[in-house]
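A.B. asks: To start, I am sharing the structure in question, which I have written as structure tokens.
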Amino acid sequence: MFTNNMKRTKIAEVLSKEPIGQEVLVKGWVRAFRNNQFIALNDGSCARHLQVVVNPEHLDEQTLHRIKFGAAVGAKGQVVQSLGKGQRVEVEAREIFIYGDCNPEQYPLQPKKQSLEFLREHAHLRFRTNTFGAVFRVRHALAYAVHQFFHERGFFYLHTPIITASDAEGAGEMFRVTTLPLENVPRTPDGQVDYQQDFFGRPTNLTVSGQLEAELGALALGEVYTFGPTFRAEKSNTTRHLAEFWMIEPEVAFADLEDNADLAEAMLQYLCRYTLEHCAEDLQILEERLLEEEKAKPQEQRSPMPLREKIRFVVDNRFERLTYTEAIEILKHSPPNKKGKFQFPIESWGADLQSEHERYLVEKHFRKPVILTHYPAGIKAFYMRLDDPKEGVPGPTVAAMDILFPGIGEIVGGSQREERLEVLQQRMRDMHIPEEELYWFLDTRRFGTCPHAGFGLGFERLVQFVTGMSNIRDVIAFPRYPGNAEF
RNA sequence: GCCUCAUUAGCUCAGUCGGUUAGAGCGGCGGACUGUUAAUCCGUAGGUCCUAGGUUCAAGUCCUAGAUGAGGCGCCA
């Protein structure tokens with residue numbers, strides 16, 4: 001009979017402290033049962049399994065038969081030095097208790113390598129694999145480090161709304177939020193949808209960015225950041241877009257574009273360093289997985305360096321900073337442009353850079369993260385600060401900043417904000433953004449305005465970079481994308 | 001939204017020029033095994049060849065449409 005009068009010890013603790021001779025109770029899920037004798041037990045606390053050695057003399061035939069891949073079991077026994085070679089310590093089980101059976105004929109997971117596509121269809125179970133265990137432990141570490149980074153620097157965590165009434169930001173297609181009955185929408189006499197009868201008395205959407213609200217906070221609290229879910233209803237079908245993702249958006253008063261770039265670079269290096277120091281085992285698993293995955297690819301598509309080296313490279317090297325105008329010059333004279341290899345040839349100043357151009361700059365030309373600044377005003381948002389005209393620059397630019405990472409592309413997008421009321425109003429008129437809807441935003445410029453700056457970091461893209469997962473749908477627990485909202 | 005590729009056993013995939021009874025590895029199941037490490041060994045079951053049409057004496061194989069998945073592009077974080 002299983003006596004459950006002991007405190008459970010986590011496997012991470014047994015493996016790190018190696019308390020030889022101590023009696024422990026461990027609980028977890030069976031990852032392998034070899035030789036009718038050796039259970040590889042994993043409880044999620046760490047990447048590694050604990051070997052539990054079963055002594056058949058202490059175990060009835062029936063329980064032995066229930067030790068199956070995936071079953072939840074508890075094991076009580078002494079921690080001893082292992083006689084085998086794969087591990088230093090193991091638990092000599094005197095008692096085994098089956099919490100939950102796992103029928104192998106029905107269980108979708110198998111004790112073998114399974115494709116990421118298959119696991120994506122079983123996302124509710126994929127946490128139980130080595131790869132996804134590692135991904136989600138690293139994701140947690142990164143989220144924790146984000147708060148630690150900002151807290152250490154005196155930033156305040158601001159919770160901006162998830163439901164918003166402003167649809168004037170132009171950040172993308174929005175998801176409508178309503179309680180109106182879709183099958184029988186109330187109409188006004190002139191046939192329009194009668195939003196006065198809706199929950200908020202007006203049209204509302206899920207937020208596409210907390211930036212405008214964060215600016216309100218920054219112009220009083222000084223330094224704030226948001227870290228929350230963000231929604232874009234674009235039908236993007238790529239390895240780096242989600243309909244629901246998490247975004248980190250710091251906003252800093254009395255800061256200019258350079259301060260902004262400094263902050264973003266320091267943050268990315270801090271977060272990368274944090275995972276190297278706190279997630280060594282998980283990163284090793286992910287590095288080995290990536291190596292295995294890339295074996296199937298042609299040489300030129302493989303990563304130039306192993307995962308951890310790539311992360312260390314970001315920590316140890318200054319990001320390359322250059323202006324859009326300088327980037328255009330480099331691209332114009334680049335071999336692929338001259339040889340007509342770009343699908344979109346670089347011809348003149350003013351066009352937005354395509355993925356292929358960003359990739360060339362980051363992966364071929366500089367071979368390191370790149371901060372691109374001072375984009376043409378025409379291709380950037382209304383709230384970005386208009387630069388003073390500069391010699392050698394063909395048109396008006398804004399104090400924008402994009403950080404490009406190898407393999408992922410744009411990981412950060414930010415700017416110094418336009419703090420001058422008249423300039424901002426002119427920009428809004430030029431871009432057909434209604435002033436009335438953003439009166440509250442403009443009030444910050446009317447009353448005690450000051451220079452300020454901020455950026456947005458796509459959290460999943462950062463997790464992608466650090467874990468080496470190539471599809472963004474594999475770094476969020478339950479991905480939302482066009483045609484899929486399962487689980 | 002556009003382009004390319006794929007869909008065959010539970011999973012990963014092979015399947016020749018259209019030809020007769022569709023294969024492998026892993027996994028499952030049964031058995032053996034008290035030092036295994038992707039355990040091993042013996043045995044065994046398992047198929048609506050994505051769907052609907054079409055061409056043909058004959059279709060897993062060719063054609064058309066659709067569904068689903070993957071990758072790329074655009075939009076961006």
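Residues are named by chain letter and number: chains run A, B, ... in the order of the structure tokens, numbers start at 1 in each chain, and ligands are numbered from 1 in the order shown.
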Per residue of chain B within 12 Å of chain A, which atom pair is closest and at what distance in Å (one decimal), using only C-alpha atoms (C1' of nucleotides), listed by chain and increasing number, as a Markdown table?
C.D. replies:
```
| residue | atom | partner | partner_atom | distance |
| --- | --- | --- | --- | --- |
| B:G1 | C1' | A:Lys235 | CA | 8.2 |
| B:C2 | C1' | A:Asn237 | CA | 11.4 |
| B:G10 | C1' | A:Pro108 | CA | 7.5 |
| B:C11 | C1' | A:Gln114 | CA | 6.7 |
| B:U12 | C1' | A:Gln114 | CA | 7.8 |
| B:G25 | C1' | A:Lys112 | CA | 11.8 |
| B:C26 | C1' | A:Lys112 | CA | 7.3 |
| B:G27 | C1' | A:Gln110 | CA | 6.2 |
| B:G28 | C1' | A:Glu105 | CA | 5.9 |
| B:C29 | C1' | A:Glu105 | CA | 8.7 |
| B:A32 | C1' | A:Asn35 | CA | 10.5 |
| B:C33 | C1' | A:Asn35 | CA | 6.6 |
| B:U34 | C1' | A:Gln37 | CA | 7.5 |
| B:G35 | C1' | A:Gly84 | CA | 5.9 |
| B:U36 | C1' | A:Arg34 | CA | 5.6 |
| B:U37 | C1' | A:Gly86 | CA | 5.8 |
| B:A38 | C1' | A:Lys112 | CA | 7.1 |
| B:A39 | C1' | A:Arg34 | CA | 6.1 |
| B:U40 | C1' | A:Asn35 | CA | 8.8 |
| B:C41 | C1' | A:Asn35 | CA | 11.8 |
| B:G46 | C1' | A:Glu105 | CA | 11.8 |
| B:U68 | C1' | A:Gly483 | CA | 10.8 |
| B:G69 | C1' | A:Glu117 | CA | 7.9 |
| B:A70 | C1' | A:Glu117 | CA | 8.3 |
| B:G71 | C1' | A:Thr238 | CA | 8.6 |
| B:G72 | C1' | A:Thr238 | CA | 8.4 |
| B:C73 | C1' | A:Ser355 | CA | 8.9 |
| B:G74 | C1' | A:Ser236 | CA | 8.7 |
| B:C75 | C1' | A:Ser236 | CA | 7.2 |
| B:C76 | C1' | A:His241 | CA | 7.9 |
| B:A77 | C1' | A:Gly458 | CA | 4.2 |
```
A.B. asks: Which neighbours of range 389-406 of chain A fall inside 8 Å, counting only C-alpha atoms (C1' of nucleotides), when residues of the same chain fewer than 3 positions from it are skipped, and could you give them as a PyMOL selection string?
C.D. replies: chain A and resi 257+261+325+349-350+358-359+362-363+367-378+380+384-386+409-417
A.B. asks: Quick check, in Å to one decimal: how far apart do CA of Ala214 in chain A and CA of Val315 in chain A lie?
C.D. replies: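 Distance between the two atoms: 27.8 Å.
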A.B. asks: As a PyMOL selection string, please: all residues of range 263-354 of chain A that backbone DSSP puts in strand (DSSP E or B).
C.D. replies: chain A and resi 320-323
A.B. asks: Could you state the separation of CA of Ala280 in chain A and CA of Lys364 in chain A in Å, given to one decimal place?
C.D. replies: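 Taking CA of Ala280 in chain A and CA of Lys364 in chain A, their separation equals 28.6 Å.
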A.B. asks: Go through range 182-294 of chain A and collect every residue that DSSP, computed from the backbone, puts in alpha helix (DSSP H); the answer should be as a VMD selection string.
C.D. replies: chain A and resid 211 to 221 257 to 278 280 to 294
A.B. asks: Here is a test: counting only C-alpha atoms (C1' of nucleotides), which residue of B:G30, B:G54, B:G60, B:G15 is nearest to C42 in chain B?
C.D. replies: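 With only C-alpha atoms (C1' of nucleotides) as the atom set, the closest residue is B:G30.
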